[in-house]
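Input: a single structure, listed below in structure tokens.
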Amino acid sequence: MIKISIITVCYNSAATLEKTILSVANQTYSNIEYIIVDGNSKDETVDIIKKQEDKITKWISEPDKGLYDAMNKGISMATGDIIGILNSDDTFFSNEILADIAKFHLNNSIDASVGNIIQHKEDGKIVRVYSSKYWNPQKLIIGFMPPHPSIFFKRELFNKFGNYELGFIIGADYELITRFFLKENISWKYSEITTTSMLVGGLSSSGSSSYKLITNEIQKALKMNGISYSPFKIKMRFIWKIAGFLKNE
């Protein structure tokens with residue numbers, strides 16, 4: 001039976017964390033390791049963790065160097081066969097998601113699966129279905145990755161190829177995906193599973209103010225991994241994004 005490690009990193013997440021914890025606790029799949037890494041929150045986050053401690057396998061609360069440092073701590077604590085990330089203001093799309101993921105990995109000899117997520121506003125209104133249906137690793141070269149929360153990796157990949165690089169502000173997930181899928185050519189498959197309901201408004205989706213930053217970090221990620229690219233195509237990736245919406249991505 002495949003063991004799945006789910007990692008949630010948080011900081012001052014009292015408003016949303018309990019819903020995230022319950023989303024994991026309500027999964028029908030039983031062989032789950034749930035890890036929470038808190039960055040020494042100043043609000044009631046730790047109180048919520050303690051309140052729901054029976055639903056959490058391991059947790060720590062201590063200062064860190066940011067989001068990706070916290071993710072790396074979670075990975076180092078994980079013992080599962082595969083690892084998934086669930087952000088502290090997100091939930092699984094249904095109670096059967098991890099059962100579906102486990103079945104998919106059991107039936108496919110792959111290093112990683114990629115799926116879909118939905119993005120919604122605080123009132124629950126869906127604003128986007130972010131799908132990996134038409135994605136492939138070559139699209140990283142023009143600035144596109146699959147939705148990070150929809151990816152489930154074999155844990156051994158992190159031991160072989162490394163964790164999230166801390167020299168990025170919002171692009172360490174892009175760099176890791178580039179390193180795994182393009183540089184190391186890991187095996188993968190589109191699962192067709194919509195894994196996660198994601199609240200819009202994260203750092204990397206905060207509008208035009210972040211566009212230049214993520215553009216620079218995409219190029220940095222590709223350069224670090226020795227991947228040739230066109231700066232112009234990456235800068236103009238919003239055109240490809242529009243085209244993606246027209247074909248449901």
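To be explicit about the labels: the chains of the structure tokens are called A, B, and onward in the order shown, and within each one the residues are counted from 1, while ligands get numbers from 1 in the order they are shown.
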Arg179 in chain A surroundings by only C-alpha atoms, 10 Å radius, close-in-sequence under 3 positions cut, as a compact mmCIF listing (two decimals) with N, CA, C and O atoms, in the first residue's frame:
# COMPACT_ATOMS: atom_id res chain seq x y z
N PHE A 161 18.14 14.26 -6.65
CA PHE A 161 18.31 15.47 -7.45
C PHE A 161 18.23 16.77 -6.66
O PHE A 161 18.40 17.85 -7.22
N GLY A 162 17.98 16.68 -5.35
CA GLY A 162 17.99 17.87 -4.52
C GLY A 162 16.61 18.44 -4.24
O GLY A 162 15.60 18.03 -4.84
N ASP A 173 9.84 26.62 -7.15
CA ASP A 173 9.07 25.48 -7.66
C ASP A 173 9.32 25.32 -9.17
O ASP A 173 9.46 24.20 -9.67
N TYR A 174 9.42 26.44 -9.89
CA TYR A 174 9.71 26.38 -11.32
C TYR A 174 11.08 25.76 -11.55
O TYR A 174 11.25 24.91 -12.45
N GLU A 175 12.05 26.17 -10.76
CA GLU A 175 13.40 25.63 -10.93
C GLU A 175 13.44 24.14 -10.65
O GLU A 175 14.06 23.36 -11.39
N LEU A 176 12.78 23.70 -9.57
CA LEU A 176 12.79 22.28 -9.24
C LEU A 176 12.11 21.45 -10.33
O LEU A 176 12.60 20.39 -10.73
N LEU A 182 13.08 18.40 -17.04
CA LEU A 182 13.87 18.68 -18.24
C LEU A 182 15.31 18.19 -18.10
O LEU A 182 15.81 17.44 -18.94
N LYS A 183 15.99 18.61 -17.05
CA LYS A 183 17.40 18.25 -16.90
C LYS A 183 17.56 16.76 -16.59
O LYS A 183 18.39 16.07 -17.21
N GLU A 184 16.78 16.25 -15.64
CA GLU A 184 16.94 14.85 -15.22
C GLU A 184 15.99 13.91 -15.96
O GLU A 184 16.10 12.69 -15.82
N ASN A 185 15.05 14.47 -16.72
CA ASN A 185 14.16 13.68 -17.58
C ASN A 185 13.44 12.58 -16.80
O ASN A 185 13.41 11.41 -17.22
N ILE A 186 12.84 12.94 -15.68
CA ILE A 186 12.10 11.95 -14.90
C ILE A 186 10.88 11.47 -15.68
O ILE A 186 10.38 12.14 -16.58
N ALA A 221 16.02 30.02 -13.58
CA ALA A 221 15.85 28.57 -13.40
C ALA A 221 16.35 27.80 -14.61
O ALA A 221 17.04 26.78 -14.47
N LEU A 222 15.99 28.28 -15.80
CA LEU A 222 16.43 27.60 -17.03
C LEU A 222 17.95 27.69 -17.18
O LEU A 222 18.62 26.70 -17.52
N MET A 224 20.21 28.06 -14.83
CA MET A 224 20.86 27.22 -13.82
C MET A 224 20.97 25.77 -14.25
O MET A 224 21.90 25.06 -13.88
N ASN A 225 19.99 25.33 -15.05
CA ASN A 225 19.94 23.93 -15.46
C ASN A 225 20.44 23.70 -16.88
O ASN A 225 20.25 22.61 -17.44
N GLY A 226 21.07 24.72 -17.45
CA GLY A 226 21.69 24.57 -18.76
C GLY A 226 20.71 24.40 -19.90
O GLY A 226 21.02 23.77 -20.91
N ILE A 227 19.51 25.00 -19.76
CA ILE A 227 18.46 24.88 -20.77
C ILE A 227 18.46 26.14 -21.64
O ILE A 227 18.34 27.26 -21.12
Looking only at the backbone, which of the residues in range 2-247 of chain A does DSSP tag as helix (DSSP H, G or I), as JSON, numbers by chain? {"A": [17, 18, 19, 20, 21, 22, 23, 24, 25, 45, 46, 47, 48, 49, 50, 51, 53, 54, 55, 67, 68, 69, 70, 71, 72, 73, 74, 75, 76, 77, 97, 98, 99, 100, 101, 102, 103, 104, 105, 106, 107, 137, 138, 139, 140, 141, 142, 148, 149, 150, 156, 157, 158, 159, 160, 161, 172, 173, 174, 175, 176, 177, 178, 179, 180, 181, 182, 183, 203, 204, 205, 208, 209, 210, 211, 212, 213, 214, 215, 216, 217, 218, 219, 220, 221, 222, 223, 224, 231, 232, 233, 234, 235, 237, 238, 239, 240, 241, 242, 243, 244, 245, 246]}
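Residues in contact with Asn95 in chain A at up to 9 Å, not including ones fewer than 4 positions away on its chain and judged by only C-alpha atoms, are Ser23, Val24, Ala25, Asn26, Gln27, Thr28, Tyr29 and Ala99 of chain A.
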Any chance you could export the current selection's N, CA and C atoms as an mmCIF file, in the first residue's frame?
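After the write, result-v7.cif holds the following:
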data_model
loop_
_atom_site.group_PDB
_atom_site.id
_atom_site.type_symbol
_atom_site.label_atom_id
_atom_site.label_comp_id
_atom_site.auth_asym_id
_atom_site.auth_seq_id
_atom_site.Cartn_x
_atom_site.Cartn_y
_atom_site.Cartn_z
ATOM 1 N N SER A 23 -9.323 18.843 5.551
ATOM 2 C CA SER A 23 -9.334 18.315 4.190
ATOM 3 C C SER A 23 -8.461 17.066 4.080
ATOM 4 N N VAL A 24 -7.354 17.062 4.796
ATOM 5 C CA VAL A 24 -6.490 15.873 4.825
ATOM 6 C C VAL A 24 -7.123 14.783 5.686
ATOM 7 N N ALA A 25 -7.625 15.178 6.846
ATOM 8 C CA ALA A 25 -8.204 14.204 7.781
ATOM 9 C C ALA A 25 -9.412 13.479 7.192
ATOM 10 N N ASN A 26 -10.130 14.145 6.285
ATOM 11 C CA ASN A 26 -11.342 13.568 5.714
ATOM 12 C C ASN A 26 -11.090 12.684 4.495
ATOM 13 N N GLN A 27 -9.834 12.522 4.108
ATOM 14 C CA GLN A 27 -9.531 11.650 2.976
ATOM 15 C C GLN A 27 -9.892 10.196 3.300
ATOM 16 N N THR A 28 -10.432 9.507 2.317
ATOM 17 C CA THR A 28 -10.813 8.108 2.520
ATOM 18 C C THR A 28 -9.601 7.189 2.536
ATOM 19 N N TYR A 29 -8.507 7.636 1.967
ATOM 20 C CA TYR A 29 -7.281 6.836 1.947
ATOM 21 C C TYR A 29 -6.650 6.852 3.333
ATOM 22 N N ALA A 99 -6.793 8.649 -2.462
ATOM 23 C CA ALA A 99 -7.062 7.275 -2.918
ATOM 24 C C ALA A 99 -6.856 7.181 -4.427
#
Extract, using only C-alpha atoms, all DNA, RNA and protein residues at most 12 Å from Ile218 in chain A, discarding same-chain residues fewer than 2 positions from it, and format them as a ChimeraX atom specification. /A:139-145,168-179,204,211-216,220-225,227-231,233-235,237
Counting only C-alpha atoms, the residue of A:Glu156, A:Asp64, A:Glu192, A:Asp81 that sits nearest Gly115 in chain A: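 Closest residue, counting only C-alpha atoms: A:Glu192.
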Quick one: residues within 10 Å of Lys55 in chain A, only C-alpha atoms counted, chain neighbours fewer than 4 positions away excluded, as a PyMOL selection string? chain A and resi 21-22+24-26+33-35+49-51
Could you take the residues named above and write them with all heavy atoms, as a compact mmCIF listing (two decimals), in the first residue's frame?
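Final output, saved to out.txt:
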# COMPACT_ATOMS: atom_id res chain seq x y z
N ILE A 21 -6.35 21.29 7.29
CA ILE A 21 -6.12 20.09 8.09
C ILE A 21 -7.28 19.11 7.96
O ILE A 21 -7.08 17.90 7.76
CB ILE A 21 -5.90 20.46 9.57
CG1 ILE A 21 -4.60 21.27 9.74
CG2 ILE A 21 -5.86 19.20 10.45
CD1 ILE A 21 -4.41 21.86 11.12
N LEU A 22 -8.49 19.61 8.04
CA LEU A 22 -9.67 18.74 7.94
C LEU A 22 -9.79 18.12 6.56
O LEU A 22 -10.28 16.99 6.40
CB LEU A 22 -10.93 19.52 8.30
CG LEU A 22 -11.01 19.98 9.76
CD1 LEU A 22 -12.25 20.84 9.98
CD2 LEU A 22 -11.00 18.79 10.72
N VAL A 24 -7.35 17.06 4.80
CA VAL A 24 -6.49 15.87 4.82
C VAL A 24 -7.12 14.78 5.69
O VAL A 24 -7.18 13.61 5.30
CB VAL A 24 -5.09 16.23 5.35
CG1 VAL A 24 -4.20 14.99 5.42
CG2 VAL A 24 -4.43 17.29 4.47
N ALA A 25 -7.63 15.18 6.85
CA ALA A 25 -8.20 14.20 7.78
C ALA A 25 -9.41 13.48 7.19
O ALA A 25 -9.68 12.31 7.53
CB ALA A 25 -8.61 14.91 9.07
N ASN A 26 -10.13 14.14 6.29
CA ASN A 26 -11.34 13.57 5.71
C ASN A 26 -11.09 12.68 4.50
O ASN A 26 -12.04 12.15 3.91
CB ASN A 26 -12.31 14.68 5.34
CG ASN A 26 -12.92 15.37 6.54
OD1 ASN A 26 -13.01 14.78 7.61
ND2 ASN A 26 -13.31 16.63 6.40
N GLU A 33 0.75 10.23 5.67
CA GLU A 33 1.58 10.90 6.65
C GLU A 33 1.39 12.40 6.44
O GLU A 33 1.68 12.91 5.36
CB GLU A 33 3.05 10.52 6.44
CG GLU A 33 4.03 11.25 7.34
CD GLU A 33 5.47 10.85 7.04
OE1 GLU A 33 5.92 11.09 5.89
OE2 GLU A 33 6.12 10.29 7.94
N TYR A 34 0.88 13.09 7.47
CA TYR A 34 0.60 14.52 7.32
C TYR A 34 1.58 15.32 8.16
O TYR A 34 1.67 15.16 9.38
CB TYR A 34 -0.84 14.83 7.72
CG TYR A 34 -1.25 16.26 7.41
CD1 TYR A 34 -0.76 16.92 6.29
CD2 TYR A 34 -2.13 16.95 8.24
CE1 TYR A 34 -1.13 18.22 6.00
CE2 TYR A 34 -2.52 18.25 7.95
CZ TYR A 34 -2.01 18.88 6.84
OH TYR A 34 -2.38 20.17 6.55
N ILE A 35 2.32 16.21 7.49
CA ILE A 35 3.38 16.99 8.11
C ILE A 35 3.07 18.48 7.97
O ILE A 35 2.75 18.95 6.86
CB ILE A 35 4.74 16.70 7.43
CG1 ILE A 35 5.11 15.22 7.61
CG2 ILE A 35 5.84 17.61 7.98
CD1 ILE A 35 6.26 14.76 6.74
N ILE A 49 -3.06 24.07 15.30
CA ILE A 49 -2.30 22.82 15.12
C ILE A 49 -2.45 21.93 16.35
O ILE A 49 -2.71 20.72 16.24
CB ILE A 49 -0.82 23.13 14.84
CG1 ILE A 49 -0.66 23.83 13.48
CG2 ILE A 49 0.02 21.85 14.88
CD1 ILE A 49 0.74 24.35 13.21
N LYS A 50 -2.30 22.51 17.52
CA LYS A 50 -2.42 21.72 18.75
C LYS A 50 -3.84 21.19 18.93
O LYS A 50 -4.03 20.05 19.39
CB LYS A 50 -2.02 22.58 19.96
CG LYS A 50 -0.52 22.88 20.02
CD LYS A 50 -0.18 23.76 21.20
CE LYS A 50 1.33 24.01 21.28
NZ LYS A 50 1.67 24.92 22.41
N LYS A 51 -4.82 21.97 18.55
CA LYS A 51 -6.22 21.54 18.65
C LYS A 51 -6.48 20.33 17.76
O LYS A 51 -7.25 19.42 18.13
CB LYS A 51 -7.14 22.70 18.24
CG LYS A 51 -8.63 22.35 18.16
CD LYS A 51 -9.42 23.52 17.61
CE LYS A 51 -10.87 23.14 17.35
NZ LYS A 51 -11.62 24.27 16.71
Enter the distance from CA of Ile126 in chain A to CA of Thr91 in chain A, in Å, rounded to one decimal.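 CA of Ile126 in chain A sits 13.7 Å away from CA of Thr91 in chain A.
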